[in-house]
Amino acid sequence: MVNSADILNARILIVDDQEVNVLLLERMLRGAGYACIASTMDPHEVCELHRKNCYDLILLDLQMPGMDGFQVMEGLKEIENGGYLPVLVITAQPGHKLRALQAGAKDFISKPIDLAEVLTRVYNMLEVRLLHMETKNNRNVLKQTVERLEEVERLKQGFLSTVSHELRTPLTSIRGSLGLLASGAVGALSDEVVEVVAIAERNAVRLMALINDILDLERLETGKIELQFAQVPVESILRRAIESLATFGQQHGVTVEAPEVSSMIWADADRIVQVLVNLLSNAVKFSPPGGVVTIGVGLRESWVEFRVTDRGRGVPLALRRAIFERFRQVETSDARERGGTGLGLAICKSIVEQHGGTIGVESEEGGGSSFWFRVATSSRLFAPRVEQPILVCGDRRGLFEEVIRQAGYTVITVPTDDAAWEVLQRTRVAAVLMISDSELIARIRKDPALERVPVILFGSPHALSPEALSDSLVLILPQRVDSRELLVTIRDSLERGRVAALMCGAETVARS
Amino acid sequence: MKVLIIDDDADIRSIARLSLSRLGGMDVIEAASGAEGVRKAQDEKPDVILLDIMMPAMDGSETLAALRSQPATATTPVILLTAKARWAEVERMTALGVAGVLIKPFDPRTLPGDVRALVESQLNP
């Protein structure tokens, strides 16, 4: 907030070609307690002075020889660059008052000068100016903070992946050396040494798995892993998953049963195999010896459901959502006793969601669990037929590009509003996806040719500009969004054209 | 059986050498770069070459091309060593005419058996 001390310390410039007026005004202001007062009788130097000193208020005489007050204001406007123009004009001509206000002055004082009027108008104008400057500063601070946070996020992610890579190399050698020791190739070992080496090796293996999972999850979540989609036979997914689990199953005395299926899915085969292997290895781990793990496959027209069922101890109701988060196992001792990193299900969830699918669990405590996930049978599930591309604009565009492209759309990505505007001028697009709120929305809406193009925007309604909120063609997504939600939103916006809902997380605000 | 290991990581070479010689009874020659590997392959004429894919300067596929271009090593079985590869990549690399692909980190206890099996499958397809 602005207090009166700030106002009295504000920088004021008096501009008048008559020395007597300058002296009079200066005496009035000093008498009222204003401390920083400068003056000039040469209108030509006003702009230079303002550029240097950035006054909070300029008392400007309109009629001066050589250069009048209106010309001075033009120069000041350039300096303020569209911002608040701190000009209070002083004029004897009633006709100049309106003209001066239209030219950008914020208020006027009539000659002959009345002390109370001058002081009141000066005080009020300074109050507004200081509030304006405060808002501007806050906005800049906010912008810098956001930029710094984004930078930190980038550094953090880069750091994570570098660290993980750097950890892998020495760990590979440690693991190999322990394996050699354990093999007896470099000398016979006593039973106790064998036991100790086995502990070291088991933990090296676990550490390696943990690093791999952290790296995997980080790359999945930052979009650094490009999913390679194709039509894949379900049968080959099942076969590959079961093959890679065979030894592990034997070790635990657990058999895996799967049906014969001749259906296809639209997926990155490696990644879906990874999901299935993960679910199967959990099921094996938690099965009693001699138990059976069953893979079920449910076929629908547009999707296929995989279901891995075990007869283990089950997942308590309270944890059925949490276990898909990082490092959440049913019991904290599970990681140590049963192996596993606590990241497997988080990775599964991320992969399935990048496929536009869903994942979940049904379980009876003590009566086993049934983990399932669904993926699409074809790429056309999410994409309605559109000829025109989707324009994606903003910083994290790479993250969304692949997801949207995989769903069957063409995508154009641009880094900035200006680049987006250039594309919009020469290309017809089906929809615009904006990573952050900006004046691009207003530009699009003002152009009759683009008026009906759906705009999809990330952010909370509370943090968006009035232009974004007031526009019924804008669809808003929460900042953190999964790919399924994104694709559903795009499809909705294309199918409905005029969008009539604001989306923000679970809450949907109906709009007319 | 004479094996040439081409890998820029000295520790990995040592582990592979000990595993293949002590457990597999093989003769092992080491090379720390693709160029050195190509040279040693000409001189030593190994029965099989273990080739790391990720190496600075001359990587695995360049080294493989150089080995194939020399008459003495044109048909020598090559086994690629790679960290976590995608299925499609493994298939593509296998299609380059290599005996097989082993994923790092390898288990020194099973390495000699794996190498022998891959070489034999190439010799008697």
# chains A, B, ... in the order shown; residues from 1 in each chain; ligands from 1
>>> interface_residues(of="chain A", to="chain B", cutoff="10 Å", atoms="only C-alpha atoms", output="PyMOL selection string")
chain A and resi 168-187+205+208+212+228+269-271
>>> select_by_dssp(residues="range 273-467 of chain A", states="alpha helix (DSSP H)", output="number ranges by chain")
A: 273-285, 334-338, 344-354, 397-406, 417-426, 440-446, 466-467
>>> residues_around(residues="Asp52 in chain B", least_positions_apart="2", cutoff="7 Å", atoms="only C-alpha atoms", output="PDB file with C-alpha atoms, in the first residue's frame")
ATOM      1  CA  ILE B   6      36.482 -53.720 -27.500  1.00  0.00           C
ATOM      2  CA  ASP B   7      35.242 -51.400 -24.728  1.00  0.00           C
ATOM      3  CA  LEU B  50      32.692 -58.415 -28.065  1.00  0.00           C
ATOM      4  CA  MET B  54      28.639 -46.562 -26.795  1.00  0.00           C
ATOM      5  CA  MET B  55      32.235 -45.434 -27.229  1.00  0.00           C
ATOM      6  CA  GLY B  60      30.160 -49.534 -32.116  1.00  0.00           C
ATOM      7  CA  LEU B  80      27.357 -56.265 -29.339  1.00  0.00           C
ATOM      8  CA  LEU B  81      27.357 -55.012 -25.753  1.00  0.00           C
ATOM      9  CA  THR B  82      24.776 -52.387 -24.953  1.00  0.00           C
TER      10      THR B  82
END
>>> closest_residue(among="B:Val78, B:Leu102, B:Val115, B:Leu96", to="Ala41 in chain B", atoms="only C-alpha atoms")
B:Val78
>>> closest_residue(among="B:Val48, B:Val28, B:Val38, B:Ala95", to="Ser69 in chain B", atoms="only C-alpha atoms")
B:Val38
>>> residues_around(residues="Ser121 in chain B", least_positions_apart="2", cutoff="12 Å", atoms="only C-alpha atoms", output="PyMOL selection string")
chain B and resi 77+79+98-100+114-119+123-125
>>> residues_around(residues="Gln70 in chain B", least_positions_apart="6", cutoff="12 Å", atoms="only C-alpha atoms", output="list of chain:residue names")
B:Val38, B:Arg39, B:Ala41, B:Gln42, B:Asp43, B:Lys45, B:Thr63, B:Leu64, B:Thr76
>>> atom_distance(atom1="CA of Leu210 in chain A", atom2="CA of Ile5 in chain B")
28.7 Å
>>> closest_residue(among="B:Asp8, B:Glu30, B:Asp47, B:Glu120", to="Thr75 in chain B", atoms="only C-alpha atoms")
B:Asp47
>>> select_by_dssp(residues="range 43-279 of chain A", states="strand (DSSP E)", output="VMD selection string")
chain A and resid 57 to 61 87 to 91 107 to 110 230 to 233 255 to 257 264 to 267
>>> residues_around(residues="Asp27 in chain B", least_positions_apart="4", cutoff="7 Å", atoms="only C-alpha atoms", output="tab-separated table (two decimals) with C-alpha atoms, in the first residue's frame")
chain	number	residue	atom	x	y	z
B	1	MET	CA	38.47	-69.89	-28.31
B	2	LYS	CA	40.09	-66.46	-28.78
B	3	VAL	CA	37.98	-63.43	-27.82
B	21	SER	CA	39.41	-66.62	-19.19
>>> atom_distance(atom1="CA of Ser190 in chain A", atom2="CA of Ala209 in chain A")
28.5 Å
>>> atom_distance(atom1="CA of Val453 in chain A", atom2="CA of Ser378 in chain A")
26.9 Å
>>> residues_around(residues="range 294-306 of chain A", least_positions_apart="5", cutoff="8 Å", atoms="only C-alpha atoms", output="list in words")
Val256, Glu257, Ala258, Pro259, Val261, Ser263, Ile265, Trp372, Phe373, Arg374, Val375, Ala376, Thr377, Ser378 and Leu381 of chain A
>>> closest_residue(among="A:Leu317, A:Leu217, A:Ile351, A:Val411", to="Ser369 in chain A", atoms="only C-alpha atoms")
A:Leu317
